[in-house]
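Student: File start_35.tsv follows (TSV, C-alpha atoms):
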chain	number	residue	atom	x	y	z
A	26	MET	CA	124.60	21.11	83.81
A	27	THR	CA	123.77	24.66	84.75
A	28	GLU	CA	121.24	25.57	87.33
A	29	ALA	CA	119.23	28.75	87.62
A	30	SER	CA	120.22	31.02	90.45
A	31	PRO	CA	118.64	34.35	91.28
A	32	LEU	CA	120.85	37.21	92.36
A	33	ILE	CA	119.49	39.86	94.69
A	34	CYS	CA	119.86	43.24	93.12
A	35	PRO	CA	119.61	45.98	95.76
A	36	ALA	CA	119.40	49.26	93.88
A	37	GLY	CA	120.54	47.47	90.76
A	38	SER	CA	124.11	47.03	92.01
A	39	SER	CA	124.49	43.23	91.90
A	40	PRO	CA	126.21	41.53	88.98
A	41	MET	CA	124.15	40.03	86.21
A	42	PRO	CA	123.93	36.27	85.86
A	43	LYS	CA	125.76	34.86	82.85
A	44	LYS	CA	122.47	33.91	81.21
A	45	LEU	CA	119.75	36.35	82.28
A	46	TYR	CA	116.14	35.15	82.15
A	47	ALA	CA	114.20	37.94	83.88
A	48	LEU	CA	114.04	40.62	86.53
A	49	GLY	CA	111.57	39.99	89.34
A	50	ALA	CA	110.08	42.34	91.92
A	51	GLU	CA	107.88	41.78	94.96
A	52	PHE	CA	104.91	43.97	95.84
A	53	SER	CA	103.24	44.41	99.21
A	54	GLY	CA	99.63	43.79	98.21
A	55	PRO	CA	97.08	43.40	95.43
A	56	ALA	CA	96.36	47.13	95.05
A	57	GLU	CA	100.05	47.92	94.64
A	58	LEU	CA	100.49	45.07	92.16
A	59	TYR	CA	97.45	46.20	90.16
A	60	ALA	CA	98.75	49.78	89.88
A	61	ALA	CA	102.23	48.54	88.98
A	62	ALA	CA	100.82	46.23	86.29
A	63	GLU	CA	99.03	49.16	84.66
A	64	LYS	CA	102.27	51.16	84.58
A	65	VAL	CA	104.30	48.29	83.11
A	66	ARG	CA	101.58	47.74	80.47
A	67	ASP	CA	101.46	51.45	79.62
A	68	LEU	CA	105.22	51.48	79.01
A	69	GLY	CA	104.79	48.84	76.31
A	70	PHE	CA	106.34	45.76	77.89
A	71	ARG	CA	105.10	42.51	76.31
A	72	ALA	CA	107.06	39.63	77.87
A	73	TRP	CA	106.09	39.92	81.53
A	74	ASP	CA	103.65	38.42	84.00
A	75	CYS	CA	102.09	38.90	87.43
A	76	TYR	CA	102.06	36.12	90.02
A	77	THR	CA	99.55	36.21	92.87
A	78	PRO	CA	98.36	33.80	95.57
A	79	TYR	CA	94.73	34.31	94.50
A	80	TYR	CA	92.72	35.80	91.66
A	81	ILE	CA	92.68	39.60	91.50
A	82	HIS	CA	89.61	40.84	89.66
A	83	GLY	CA	90.56	42.94	86.62
A	84	LEU	CA	94.30	42.18	86.76
A	85	ASP	CA	94.18	40.64	83.29
A	86	LYS	CA	92.85	43.95	81.91
A	87	ALA	CA	95.44	45.89	83.89
A	88	MET	CA	98.09	43.70	82.27
A	89	GLY	CA	96.59	44.13	78.80
A	90	ALA	CA	96.19	40.37	78.43
A	91	ARG	CA	94.58	39.14	75.25
A	92	LYS	CA	91.71	36.70	75.07
A	93	SER	CA	92.68	33.05	75.45
A	94	TRP	CA	92.58	30.64	72.50
A	95	VAL	CA	91.29	27.78	74.66
A	96	GLY	CA	87.74	28.54	73.51
A	97	LEU	CA	88.75	27.73	69.94
A	98	PHE	CA	89.93	24.27	71.05
A	99	THR	CA	86.63	23.82	72.91
A	100	PHE	CA	84.58	24.85	69.88
A	101	ALA	CA	86.55	22.56	67.54
A	102	GLY	CA	86.14	19.59	69.91
A	103	GLY	CA	82.42	20.18	70.37
A	104	LEU	CA	81.78	20.70	66.66
A	105	SER	CA	83.72	17.60	65.63
A	106	GLY	CA	81.94	15.51	68.29
A	107	LEU	CA	78.53	16.82	67.23
A	108	VAL	CA	79.11	16.35	63.50
A	109	GLY	CA	80.80	12.98	63.95
A	110	GLY	CA	78.03	11.75	66.25
A	111	PHE	CA	75.31	13.01	63.92
A	112	LEU	CA	76.90	11.23	60.94
A	113	LEU	CA	77.42	8.04	62.92
A	114	ILE	CA	73.83	7.92	64.17
A	115	THR	CA	72.32	8.92	60.83
A	116	ILE	CA	74.36	6.50	58.72
A	117	THR	CA	73.79	3.55	61.03
A	118	SER	CA	70.09	4.08	61.79
A	119	VAL	CA	68.96	5.27	58.36
A	120	TYR	CA	71.19	3.49	55.84
A	121	ILE	CA	72.96	0.50	57.39
A	122	TYR	CA	70.47	-0.85	59.97
A	123	PRO	CA	67.08	0.74	59.26
A	124	MET	CA	64.50	-0.56	61.73
A	125	ASP	CA	60.83	0.30	61.81
A	126	THR	CA	60.19	1.00	65.49
A	127	GLN	CA	56.50	1.68	66.30
A	128	GLY	CA	55.96	3.33	62.94
A	129	LYS	CA	58.51	6.10	63.58
A	130	PRO	CA	60.63	7.39	60.70
A	131	PHE	CA	64.18	6.06	60.33
A	132	PHE	CA	65.58	9.56	60.79
A	133	SER	CA	64.12	10.79	64.07
A	134	LEU	CA	66.08	13.79	65.36
A	135	PRO	CA	64.36	13.99	68.80
A	136	GLY	CA	65.56	10.47	69.54
A	137	PHE	CA	69.15	11.45	68.63
A	138	VAL	CA	69.32	14.50	70.92
A	139	PRO	CA	70.51	12.77	74.16
A	140	ILE	CA	73.38	11.02	72.38
A	141	LEU	CA	74.30	14.12	70.38
A	142	ASP	CA	74.34	16.12	73.63
A	143	LEU	CA	76.90	13.76	75.14
A	144	LEU	CA	78.95	13.66	71.95
A	145	LEU	CA	79.06	17.47	72.01
A	146	ILE	CA	80.03	17.83	75.68
A	147	MET	CA	82.68	15.12	76.05
A	148	PRO	CA	84.99	16.11	73.15
A	149	SER	CA	84.66	19.80	73.99
A	150	ALA	CA	85.69	19.13	77.61
A	151	ILE	CA	88.62	16.97	76.50
A	152	MET	CA	89.77	19.54	73.94
A	153	SER	CA	89.50	22.34	76.55
A	154	ILE	CA	91.99	20.47	78.71
A	155	VAL	CA	94.23	19.72	75.72
A	156	GLY	CA	94.13	23.38	74.66
A	157	MET	CA	94.98	24.60	78.14
A	158	VAL	CA	97.94	22.21	78.40
A	159	VAL	CA	99.27	22.99	74.91
A	160	LEU	CA	98.89	26.78	75.18
A	161	SER	CA	100.45	26.81	78.67
A	162	GLY	CA	103.52	24.98	77.43
A	163	LEU	CA	103.00	22.12	79.86
A	164	PRO	CA	104.50	19.91	81.05
A	165	ARG	CA	107.42	22.08	82.07
A	166	LEU	CA	109.85	20.25	84.29
A	167	GLN	CA	112.17	23.17	85.05
A	168	HIS	CA	111.72	26.94	85.12
A	169	PRO	CA	114.23	29.61	86.25
A	170	LEU	CA	111.62	31.25	88.51
A	171	TRP	CA	111.45	28.14	90.66
A	172	GLU	CA	115.00	28.79	91.85
A	173	TRP	CA	114.10	32.22	93.25
A	174	ASP	CA	113.56	31.64	96.98
A	175	ALA	CA	111.12	34.52	97.40
A	176	PHE	CA	108.98	33.16	94.56
A	177	ASP	CA	107.92	30.18	96.72
A	178	ARG	CA	105.55	32.56	98.51
A	179	ALA	CA	103.69	33.49	95.30
A	180	THR	CA	101.19	30.78	96.17
A	181	HIS	CA	100.88	31.88	99.81
A	182	ASP	CA	100.95	35.61	100.50
A	183	LYS	CA	103.25	37.53	98.12
A	184	PHE	CA	102.69	39.37	94.84
A	185	PHE	CA	105.26	39.51	92.04
A	186	ILE	CA	105.92	41.06	88.65
A	187	VAL	CA	108.52	39.35	86.48
A	188	ILE	CA	109.77	41.09	83.34
A	189	GLU	CA	111.60	38.75	80.97
A	190	ALA	CA	114.96	39.74	79.51
A	191	ASN	CA	113.80	38.86	75.98
A	192	ASP	CA	111.28	41.72	76.04
A	193	PRO	CA	112.22	44.31	73.38
A	194	ARG	CA	111.90	47.14	75.94
A	195	PHE	CA	114.02	45.40	78.59
A	196	ASN	CA	117.08	47.35	79.72
A	197	GLU	CA	118.84	46.30	82.91
A	198	LYS	CA	119.19	49.71	84.56
A	199	ALA	CA	115.96	51.22	83.22
A	200	THR	CA	113.88	48.19	84.23
A	201	VAL	CA	115.38	48.14	87.72
A	202	ALA	CA	114.64	51.86	88.07
A	203	LEU	CA	111.08	51.33	86.80
A	204	LEU	CA	110.33	48.51	89.24
A	205	GLN	CA	111.75	50.51	92.15
A	206	GLU	CA	109.77	53.59	91.11
A	207	ILE	CA	106.46	51.69	91.02
A	208	GLY	CA	106.99	50.16	94.46
A	209	GLY	CA	108.81	46.90	93.78
A	210	THR	CA	111.01	45.47	96.50
A	211	ASN	CA	113.33	42.45	96.63
A	212	LEU	CA	114.41	43.10	93.02
A	213	THR	CA	116.17	40.01	91.72
A	214	PHE	CA	117.95	39.10	88.52
A	215	ILE	CA	116.85	35.60	87.60
A	216	GLY	CA	119.08	33.55	85.38
A	217	GLU	CA	121.67	30.82	85.11
A	218	GLU	CA	125.08	30.84	86.72
A	219	GLU	CA	127.68	28.51	85.27
How does the structure come out when it is put into structure tokens?
Tutor:
Amino acid sequence: MTEASPLICPAGSSPMPKKLYALGAEFSGPAELYAAAEKVRDLGFRAWDCYTPYYIHGLDKAMGARKSWVGLFTFAGGLSGLVGGFLLITITSVYIYPMDTQGKPFFSLPGFVPILDLLLIMPSAIMSIVGMVVLSGLPRLQHPLWEWDAFDRATHDKFFIVIEANDPRFNEKATVALLQEIGGTNLTFIGEEE
């Protein structure tokens, strides 16, 4: 079994791993990462990401990130819960078990509202979680980035840009030069060594 091993690439001189996954670079702070993300986006890279220890306002725009599809999952869950609940309540209280309660009509929408509210909220919340998990590709038990020692600090105090090797604009020397030019340090080829 192969294991991912990052290779430090000072000035782009280190050998490439046999199976290259990405090229990673560390940045000194959020302002530097933000500026670097705008430059990488402007050059047309598509398969890349920024990793930060906390949320940086506007970084998603600087990266050119598209809107998430999780809202579609939420809408579908809420709509199906609302329609399903409405049909269930209407069919049972109007057609199957009609009961005359204090002279009220069999179909009384104000009486259905609390149940319909719950049947809207619960499936939409569940489908939001399902959508997030599915679209994130979870669960992922192994990732090449986890073998990069410096990457452990992405959740503490370091900022990273990782450009994947499957990006159409990826070129080993040009990408190393780009990341160095925009202020990246600790440039590392991330991949598998056999």
Student: Would you tabulate, counting all atoms listed in the file, all residues of segment 41-123 of chain A that have an atom at most 6 Å from an atom of segment 131-153 of chain A, showing the closest pair of atoms and their distance in Å to one decimal, sorted by chain then ascending number, as a Markdown table?
Tutor:
| residue | atom | partner | partner_atom | distance |
| --- | --- | --- | --- | --- |
| A:Phe98 | CA | A:Met152 | CA | 5.5 |
| A:Thr99 | CA | A:Ser149 | CA | 4.6 |
| A:Gly102 | CA | A:Ser149 | CA | 4.3 |
| A:Gly103 | CA | A:Ser149 | CA | 4.3 |
| A:Gly106 | CA | A:Leu144 | CA | 5.1 |
| A:Leu107 | CA | A:Leu145 | CA | 4.9 |
| A:Val119 | CA | A:Phe131 | CA | 5.2 |
Student: Can you work out the spacing between atom CA of Ala60 of chain A and atom CA of Val187 of chain A in Å, to one decimal?
Tutor: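 Spanning atom CA of Ala60 of chain A to atom CA of Val187 of chain A is a straight-line distance of 14.7 Å.
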Student: For atom CA of Leu68 of chain A and atom CA of Ser93 of chain A, quote the distance in Å rounded to one decimal.
Tutor: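 For atom CA of Leu68 of chain A relative to atom CA of Ser93 of chain A, the distance reads 22.6 Å.
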Student: Show me, as a ChimeraX atom specification, the residues that have an atom within 9 Å of Met157 of chain A when counting all atoms listed in the file, minus same-chain residues fewer than 6 positions from it.
Tutor: /A:94-95,98,163
Student: When you count only C-alpha atoms, which of these residues is closest to Ile207 of chain A: A:Gly83, A:Ile186, A:Leu160, A:Glu172?
Tutor: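 Of A:Gly83, A:Ile186, A:Leu160, A:Glu172, the one nearest Ile207 of chain A, counting only C-alpha atoms, is A:Ile186.
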Student: Calculated over all atoms listed in the file, which of the candidates A:Arg91, A:Lys183, A:Lys43, A:Lys129 has the smallest distance to Pro55 of chain A?
Tutor: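 Nearest to Pro55 of chain A: A:Lys183.
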Student: Give, as lines of an AutoDock Vina configuration file, the centre coordinates and the x, y and z edge lengths in Å to one decimal for an axis-aligned box around all listed atoms of segment 164-179 of chain A, padded by 4 Å on each side.
Tutor:
center_x = 109.3
center_y = 27.2
center_z = 89.8
size_x = 19.3
size_y = 22.6
size_z = 25.5
Student: Please provide the set of residues having any atom within 12 Å of Gly69 of chain A, restricted to only C-alpha atoms, with same-chain residues fewer than 4 positions apart removed, written as a ChimeraX atom specification.
Tutor: /A:62-65,73,88-89,188,192-195
Student: From the options A:Leu104, A:His82, A:Tyr46, A:Asp67, which residue's atoms come nearest to Trp171 of chain A, counting only C-alpha atoms?
Tutor: A:Tyr46
Student: Go ahead and compute the interatomic distance for atom CA of Tyr122 of chain A and atom CA of Gly110 of chain A, in Å to one decimal.
Tutor: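 Separating atom CA of Tyr122 of chain A from atom CA of Gly110 of chain A is a distance of 16.0 Å.
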Student: Can you pull out every residue within 10 Å of Ala179 of chain A, counting only C-alpha atoms, but drop anything in the same chain fewer than 6 positions away, and send it as a ChimeraX atom specification?
Tutor: /A:51,75-79,185
Student: May I ask which of the residues A:Ala47, A:Ile215, A:Leu58, A:Ala175 is the closest one to Thr200 of chain A, counting only C-alpha atoms?
Tutor: A:Ala47
